[in-house]
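Source file: work_18.cif. Holds: mmCIF, N, CA and C atoms.
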data_data
#
loop_
_atom_site.label_atom_id
_atom_site.label_comp_id
_atom_site.auth_asym_id
_atom_site.auth_seq_id
_atom_site.Cartn_x
_atom_site.Cartn_y
_atom_site.Cartn_z
N MET A 1 2.74 115.36 94.81
CA MET A 1 3.44 116.57 95.08
C MET A 1 4.86 116.44 94.48
N THR A 2 5.23 117.38 93.65
CA THR A 2 6.56 117.37 93.05
C THR A 2 7.34 118.60 93.53
N LEU A 3 8.60 118.41 93.71
CA LEU A 3 9.47 119.49 94.15
C LEU A 3 10.00 120.22 92.92
N PRO A 4 10.20 121.54 93.04
CA PRO A 4 10.75 122.28 91.90
C PRO A 4 12.21 121.87 91.66
N ALA A 5 12.57 121.86 90.40
CA ALA A 5 13.94 121.51 90.03
C ALA A 5 14.88 122.66 90.37
N ILE A 6 16.01 122.32 90.94
CA ILE A 6 17.01 123.32 91.29
C ILE A 6 18.08 123.29 90.22
N SER A 7 18.34 124.45 89.66
CA SER A 7 19.35 124.54 88.61
C SER A 7 20.72 124.73 89.23
N LEU A 8 21.64 123.85 88.93
CA LEU A 8 23.01 123.95 89.43
C LEU A 8 23.97 124.41 88.34
N SER A 9 23.41 124.92 87.26
CA SER A 9 24.27 125.30 86.14
C SER A 9 24.55 126.80 86.10
N ASN A 10 24.47 127.48 87.24
CA ASN A 10 24.77 128.90 87.29
C ASN A 10 26.28 129.10 87.09
N PRO A 11 26.70 129.84 86.05
CA PRO A 11 28.14 130.01 85.80
C PRO A 11 28.85 130.83 86.87
N ASN A 12 28.12 131.63 87.63
CA ASN A 12 28.75 132.45 88.66
C ASN A 12 29.20 131.64 89.87
N ARG A 13 28.71 130.43 89.99
CA ARG A 13 29.10 129.63 91.15
C ARG A 13 30.57 129.28 91.11
N TRP A 14 31.15 129.13 89.92
CA TRP A 14 32.57 128.82 89.81
C TRP A 14 33.42 130.05 90.14
N LYS A 15 32.94 131.22 89.77
CA LYS A 15 33.64 132.45 90.15
C LYS A 15 33.63 132.60 91.67
N ALA A 16 32.47 132.38 92.27
CA ALA A 16 32.37 132.49 93.73
C ALA A 16 33.26 131.47 94.42
N LEU A 17 33.28 130.25 93.91
CA LEU A 17 34.13 129.22 94.50
C LEU A 17 35.60 129.59 94.40
N SER A 18 36.02 130.11 93.26
CA SER A 18 37.43 130.47 93.10
C SER A 18 37.80 131.66 93.98
N ILE A 19 36.92 132.64 94.12
CA ILE A 19 37.20 133.79 94.99
C ILE A 19 37.26 133.35 96.46
N LEU A 20 36.33 132.51 96.88
CA LEU A 20 36.35 132.02 98.26
C LEU A 20 37.58 131.15 98.53
N SER A 21 37.97 130.36 97.54
CA SER A 21 39.17 129.53 97.70
C SER A 21 40.41 130.39 97.82
N LEU A 22 40.50 131.43 97.01
CA LEU A 22 41.64 132.34 97.09
C LEU A 22 41.68 133.05 98.44
N ALA A 23 40.52 133.49 98.92
CA ALA A 23 40.47 134.17 100.22
C ALA A 23 40.90 133.22 101.34
N GLN A 24 40.44 131.99 101.29
CA GLN A 24 40.83 131.01 102.31
C GLN A 24 42.33 130.72 102.25
N PHE A 25 42.87 130.63 101.04
CA PHE A 25 44.30 130.41 100.88
C PHE A 25 45.10 131.56 101.49
N LEU A 26 44.66 132.80 101.26
CA LEU A 26 45.38 133.95 101.80
C LEU A 26 45.30 133.99 103.32
N ILE A 27 44.19 133.58 103.88
CA ILE A 27 44.06 133.55 105.35
C ILE A 27 45.01 132.50 105.93
N ILE A 28 45.05 131.33 105.33
CA ILE A 28 45.96 130.28 105.81
C ILE A 28 47.41 130.70 105.62
N LEU A 29 47.72 131.34 104.50
CA LEU A 29 49.07 131.82 104.25
C LEU A 29 49.47 132.86 105.29
N ASP A 30 48.56 133.76 105.61
CA ASP A 30 48.87 134.80 106.57
C ASP A 30 49.14 134.24 107.96
N THR A 31 48.35 133.26 108.36
CA THR A 31 48.60 132.69 109.69
C THR A 31 49.82 131.78 109.72
N SER A 32 50.23 131.25 108.58
CA SER A 32 51.43 130.40 108.58
C SER A 32 52.71 131.22 108.45
N ILE A 33 52.60 132.48 108.08
CA ILE A 33 53.79 133.33 107.96
C ILE A 33 54.49 133.48 109.31
N ILE A 34 53.71 133.55 110.38
CA ILE A 34 54.33 133.70 111.69
C ILE A 34 55.16 132.48 112.05
N GLY A 35 54.79 131.31 111.52
CA GLY A 35 55.59 130.11 111.75
C GLY A 35 56.99 130.23 111.20
N VAL A 36 57.15 130.98 110.12
CA VAL A 36 58.47 131.22 109.55
C VAL A 36 59.27 132.16 110.43
N ALA A 37 58.59 133.12 111.05
CA ALA A 37 59.29 134.12 111.86
C ALA A 37 59.61 133.63 113.27
N LEU A 38 58.95 132.59 113.74
CA LEU A 38 59.15 132.15 115.13
C LEU A 38 60.59 131.75 115.47
N PRO A 39 61.31 131.01 114.62
CA PRO A 39 62.70 130.69 114.99
C PRO A 39 63.58 131.93 115.15
N THR A 40 63.39 132.92 114.30
CA THR A 40 64.16 134.15 114.42
C THR A 40 63.79 134.90 115.69
N ILE A 41 62.51 134.94 116.00
CA ILE A 41 62.05 135.58 117.23
C ILE A 41 62.66 134.88 118.44
N GLN A 42 62.69 133.55 118.41
CA GLN A 42 63.25 132.79 119.52
C GLN A 42 64.73 133.08 119.70
N GLN A 43 65.48 133.17 118.61
CA GLN A 43 66.92 133.44 118.70
C GLN A 43 67.20 134.86 119.16
N GLN A 44 66.47 135.82 118.61
CA GLN A 44 66.74 137.22 118.93
C GLN A 44 66.38 137.58 120.37
N PHE A 45 65.33 136.99 120.89
CA PHE A 45 64.85 137.39 122.21
C PHE A 45 65.02 136.31 123.28
N SER A 46 65.66 135.20 122.94
CA SER A 46 65.88 134.09 123.88
C SER A 46 64.57 133.66 124.55
N ILE A 47 63.62 133.30 123.73
CA ILE A 47 62.28 132.93 124.20
C ILE A 47 62.16 131.42 124.24
N THR A 48 61.45 130.92 125.25
CA THR A 48 61.22 129.48 125.38
C THR A 48 60.14 129.03 124.39
N PRO A 49 60.10 127.73 124.06
CA PRO A 49 59.04 127.24 123.16
C PRO A 49 57.63 127.49 123.68
N THR A 50 57.45 127.49 124.99
CA THR A 50 56.13 127.79 125.55
C THR A 50 55.73 129.23 125.25
N ASP A 51 56.69 130.14 125.39
CA ASP A 51 56.40 131.55 125.08
C ASP A 51 56.13 131.74 123.58
N LEU A 52 56.82 130.96 122.74
CA LEU A 52 56.55 131.03 121.30
C LEU A 52 55.12 130.62 120.98
N GLN A 53 54.63 129.62 121.69
CA GLN A 53 53.24 129.20 121.48
C GLN A 53 52.27 130.31 121.88
N TRP A 54 52.59 131.03 122.94
CA TRP A 54 51.75 132.16 123.35
C TRP A 54 51.77 133.26 122.28
N ILE A 55 52.92 133.51 121.71
CA ILE A 55 53.03 134.52 120.65
C ILE A 55 52.19 134.12 119.45
N PHE A 56 52.30 132.87 119.05
CA PHE A 56 51.53 132.38 117.91
C PHE A 56 50.03 132.48 118.18
N ASN A 57 49.60 132.04 119.36
CA ASN A 57 48.18 132.09 119.70
C ASN A 57 47.67 133.53 119.76
N ALA A 58 48.46 134.43 120.32
CA ALA A 58 48.04 135.83 120.38
C ALA A 58 47.89 136.42 118.98
N TYR A 59 48.81 136.07 118.09
CA TYR A 59 48.74 136.56 116.71
C TYR A 59 47.49 136.04 116.01
N VAL A 60 47.22 134.76 116.12
CA VAL A 60 46.07 134.16 115.43
C VAL A 60 44.76 134.68 116.01
N ILE A 61 44.68 134.83 117.33
CA ILE A 61 43.46 135.37 117.95
C ILE A 61 43.23 136.82 117.53
N THR A 62 44.28 137.62 117.51
CA THR A 62 44.15 139.02 117.08
C THR A 62 43.74 139.09 115.62
N PHE A 63 44.35 138.26 114.79
CA PHE A 63 44.00 138.23 113.36
C PHE A 63 42.54 137.85 113.16
N GLY A 64 42.10 136.81 113.84
CA GLY A 64 40.71 136.38 113.72
C GLY A 64 39.73 137.42 114.22
N THR A 65 40.07 138.09 115.32
CA THR A 65 39.21 139.12 115.86
C THR A 65 39.08 140.30 114.90
N LEU A 66 40.20 140.73 114.33
CA LEU A 66 40.15 141.83 113.38
C LEU A 66 39.43 141.43 112.09
N LEU A 67 39.54 140.18 111.71
CA LEU A 67 38.82 139.69 110.53
C LEU A 67 37.31 139.74 110.76
N LEU A 68 36.87 139.29 111.94
CA LEU A 68 35.44 139.36 112.28
C LEU A 68 34.96 140.80 112.40
N LEU A 69 35.79 141.66 113.00
CA LEU A 69 35.42 143.06 113.13
C LEU A 69 35.28 143.71 111.75
N GLY A 70 36.20 143.42 110.86
CA GLY A 70 36.10 143.97 109.50
C GLY A 70 34.85 143.49 108.78
N GLY A 71 34.50 142.24 108.97
CA GLY A 71 33.28 141.72 108.36
C GLY A 71 32.03 142.38 108.91
N LYS A 72 31.98 142.58 110.21
CA LYS A 72 30.82 143.23 110.82
C LYS A 72 30.73 144.69 110.39
N LEU A 73 31.87 145.38 110.36
CA LEU A 73 31.87 146.77 109.91
C LEU A 73 31.44 146.89 108.46
N SER A 74 31.84 145.93 107.64
CA SER A 74 31.42 146.00 106.23
C SER A 74 29.93 145.72 106.10
N ASP A 75 29.35 144.94 107.00
CA ASP A 75 27.91 144.76 107.01
C ASP A 75 27.18 146.05 107.39
N ILE A 76 27.75 146.77 108.34
CA ILE A 76 27.11 147.99 108.84
C ILE A 76 27.35 149.17 107.90
N VAL A 77 28.60 149.41 107.55
CA VAL A 77 28.96 150.61 106.79
C VAL A 77 28.85 150.38 105.29
N GLY A 78 29.24 149.23 104.84
CA GLY A 78 29.25 148.93 103.41
C GLY A 78 30.61 148.37 103.01
N GLN A 79 30.59 147.40 102.12
CA GLN A 79 31.81 146.71 101.75
C GLN A 79 32.80 147.62 101.02
N ARG A 80 32.30 148.44 100.11
CA ARG A 80 33.20 149.31 99.34
C ARG A 80 33.87 150.35 100.23
N LYS A 81 33.12 150.91 101.17
CA LYS A 81 33.70 151.92 102.06
C LYS A 81 34.78 151.30 102.95
N ILE A 82 34.50 150.14 103.51
CA ILE A 82 35.49 149.49 104.37
C ILE A 82 36.72 149.09 103.58
N PHE A 83 36.52 148.60 102.35
CA PHE A 83 37.66 148.25 101.51
C PHE A 83 38.50 149.48 101.21
N ALA A 84 37.85 150.58 100.87
CA ALA A 84 38.58 151.82 100.57
C ALA A 84 39.32 152.33 101.79
N ILE A 85 38.66 152.30 102.95
CA ILE A 85 39.30 152.76 104.18
C ILE A 85 40.50 151.87 104.51
N GLY A 86 40.33 150.56 104.42
CA GLY A 86 41.43 149.65 104.69
C GLY A 86 42.59 149.83 103.73
N PHE A 87 42.28 150.05 102.46
CA PHE A 87 43.33 150.27 101.46
C PHE A 87 44.09 151.56 101.76
N LEU A 88 43.36 152.64 102.07
CA LEU A 88 44.02 153.91 102.35
C LEU A 88 44.86 153.86 103.63
N VAL A 89 44.34 153.20 104.66
CA VAL A 89 45.11 153.08 105.91
C VAL A 89 46.38 152.25 105.67
N SER A 90 46.25 151.15 104.94
CA SER A 90 47.42 150.32 104.64
C SER A 90 48.44 151.09 103.80
N TYR A 91 47.96 151.79 102.80
CA TYR A 91 48.86 152.57 101.95
C TYR A 91 49.58 153.63 102.76
N ARG A 92 48.85 154.32 103.60
CA ARG A 92 49.44 155.37 104.43
C ARG A 92 50.48 154.79 105.38
N PHE A 93 50.15 153.67 106.00
CA PHE A 93 51.07 153.04 106.95
C PHE A 93 52.35 152.59 106.25
N PHE A 94 52.21 151.90 105.12
CA PHE A 94 53.39 151.37 104.46
C PHE A 94 54.21 152.46 103.77
N SER A 95 53.57 153.50 103.30
CA SER A 95 54.34 154.57 102.66
C SER A 95 55.12 155.36 103.70
N THR A 96 54.56 155.58 104.88
CA THR A 96 55.31 156.29 105.92
C THR A 96 56.39 155.41 106.52
N SER A 97 56.16 154.12 106.63
CA SER A 97 57.18 153.25 107.20
C SER A 97 58.36 153.10 106.23
N ARG A 98 58.10 153.14 104.94
CA ARG A 98 59.18 153.04 103.96
C ARG A 98 60.02 154.30 103.97
N THR A 99 59.41 155.48 104.07
CA THR A 99 60.18 156.71 104.08
C THR A 99 60.97 156.85 105.37
N ARG A 100 60.45 156.35 106.48
CA ARG A 100 61.19 156.42 107.74
C ARG A 100 62.39 155.47 107.75
N SER A 101 62.27 154.33 107.08
CA SER A 101 63.39 153.39 107.07
C SER A 101 64.50 153.86 106.14
N ASN A 102 64.21 154.74 105.21
CA ASN A 102 65.23 155.25 104.28
C ASN A 102 66.08 156.33 104.93
N HIS A 103 65.62 156.94 106.00
CA HIS A 103 66.36 158.03 106.64
C HIS A 103 67.20 157.56 107.77
#
Write the structure described by the file as structure tokens, please.
Amino acid sequence: MTLPAISLSNPNRWKALSILSLAQFLIILDTSIIGVALPTIQQQFSITPTDLQWIFNAYVITFGTLLLLGGKLSDIVGQRKIFAIGFLVSYRFFSTSRTRSNH
């Protein structure tokens, strides 16, 4: 009995690896951004280090939950629709926040 040979020379595997690596990098970058903001938050609001840990944990849990929700919604509705909806919501939010800060 011989096993079929598995071809590992698919050129798309490197594209997939690079896209997944970039996505993982952006997730780690996003969760580490709050670490930069924590000292300013502590100074502005006179928060204890224990409370800062709660803020960090709440941010990471919320981020992870929304990430899982987005993945499940893209499975149900479709990836392109969810991407378009997310892009439009983000654009709308940031465009209105920029115009409000200018006034």
Check your understanding: By how many Å are atom N of Leu69 (chain A) and atom C of Thr40 (chain A) apart?
Key -> 28.9 Å
Review point. Which residues, written as a PyMOL selection string, have at least one atom at most 10 Å from Leu67 (chain A), with only C-alpha atoms counted and residues fewer than 6 positions away on the same chain left out?
Key: chain A and resi 27+61+73
Exercise for review: Quote the spacing between atom N of Ser32 (chain A) and atom C of Ala58 (chain A) in Å to one decimal place.
Suggested key: 11.8 Å
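Considering all atoms listed in the file, the residue among A:Leu20, A:Pro11, A:Thr31, A:Leu38 positioned nearest to Tyr59 (chain A) is A:Thr31.
Here CA of Asn12 (chain A) stands at a distance of 28.3 Å from atom C of Gly64 (chain A).
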Practice item. Write down as a ChimeraX atom specification the residues belonging to chain A that are assigned alpha helix (DSSP H) by DSSP computed on the backbone. Key: /A:12-45,49-76,79-102
